[in-house]
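Visitor: Sharing a structure here in structure tokens format.
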Amino acid sequence: MNLNREANFLEPEFQILYPLVATQQNISCWVARGIANLIRHKAARGEMCVLGLATGATPLAVYRELVRLHKCEGLSFNNVITFNLDEYYGLSRNDANSYWQFMHRHLFNHIDIKSENINIPDGSVGLDDIEEYCDSYEAKMASVGGIDVQLLGIGRTGHIGFNEPGASVFSGTHLVGLAEQTRKDAAVDFGGIKNVPTLAITMGIKTILNASKIVLLAWGAKKASILQKALEGPIGPMVPASYLQVHQNVSIFIDHKAASCLSSVTSDIKN
Ligand code: F6R
């Protein structure tokens with residue numbers, strides 16, 4: 001993987017980029033520059049750039065670099081519309097653990113994106129209205145032409161977004177139950193598993209696969225085993241991330257620890 005070459009998210013490809021020496025930090029900066037190039041490319045044509053965003057530890061360095069590019073290199077987010085993957089159900093946007101707060105803390109408060117262009121599922125919608133709400137989230141994505149680049153992390157259950165094992169490939173945005181493992185992984189943030197919501201609103205697998213380009217990031221040994229299943233195992237609902245294998249334009253950026261269980265890694269580090 002040649003980090004000196006500019007990232008180009010306009011060319012379709014399916015690639016697993018497993019750098020031998022590049023760090024999570026280098027790769028994240030490279031991905032951020034790829035996003036910045038796309039934003040600028042679209043701005044030059046008078047077009048909006050639609051980004052699908054994830055929360056969690058995985059994309060933090062990408063967001064830090066995007067903020068730096070805005071502050072130090074004049075990257076504007078004026079032509080950017082964002083849709084977040086998911087939100088805990090039952091949390092208001094003011095809750096410190098809401099993904100609304102997370103995104104504002106790490107990205108939106110530090111860039112010039114218009115607030116009306118930020119879309120994050122609302123975890124406080126009443127149960128009676130949830131279906132209509134989820135349909136409207138999908139409709140809004142469609143009305144702006146769909147997602148240009150979708151950033152993803154992967155959960156230890158194999159979830160993408162909050163599509164846990166058993167997820168349907170035909171699912172749009174919907175209310176889901178969180179797997180026990182996922183709730184355990186979030187327990188630290190919530191001060192104990194009993195405080196972790198049991199439900200979430202998430203884009204579905206179909207929604208994610210509708211994105212023109214998907215960028216999956218994963219760091220560290222704790223993602224190694226599930227990545228092996230997702231990338232080399234059979235495609236199916238028990239490992240929702242395995243559905244990425246059917247998408248034509250996916251880049252998977254993982255560090256060497258996350259890649260440690262893969263039998264077939266492609267490294268163009270030598271090129
Ligand atoms: C977050 C999301 C999740 C995370 C995944 C990995 O919006 O949709 O799928 O990407 O749980 O979380 P981290 O990055 O904390 O390991």
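Residues are referred to by chain and number: the chain letter is A, B, ... according to the order shown in the structure tokens, the number counts from 1 in that chain, and ligands are numbered separately from 1 in the order shown.
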At a cut-off of 9 Å around ligand 1, and using only C-alpha atoms and all ligand atoms, what residues come up? Please write them as a PyMOL selection string.

Guide: chain A and resi 53-60+84-87+99+151-163+182+185-186+202-203+216-219+222-223

Visitor: Tell me which protein, DNA and RNA residues are within 7 Å of Gln150 in chain A, counting only C-alpha atoms, leaving out same-chain ones fewer than 4 positions away, and put them as a PyMOL selection string.

Guide: chain A and resi 51-53+211+213-215

Visitor: Any idea what's packed within 8 Å of Tyr243 in chain A, counting only C-alpha atoms, ignoring anything in its chain fewer than 6 positions away? Could you give it as a PyMOL selection string?

Guide: chain A and resi 169+205+230+235-237

Visitor: From the list A:Glu180, A:Glu65, A:Asp112, A:Asp148, which residue is nearest Glu47 in chain A when using only C-alpha atoms?

Guide: A:Asp148

Visitor: Calculated over only C-alpha atoms, which of the candidates A:Leu227, A:Glu131, A:Tyr63, A:Asn210 has the smallest distance to Asn249 in chain A?

Guide: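 For Asn249 in chain A, the nearest of the given residues is A:Asn210.
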
Visitor: From the list A:Leu75, A:Cys261, A:Leu66, A:Ala200, which residue is nearest Leu127 in chain A when using only C-alpha atoms?

Guide: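 Of all the options, A:Ala200 lies closest to Leu127 in chain A.
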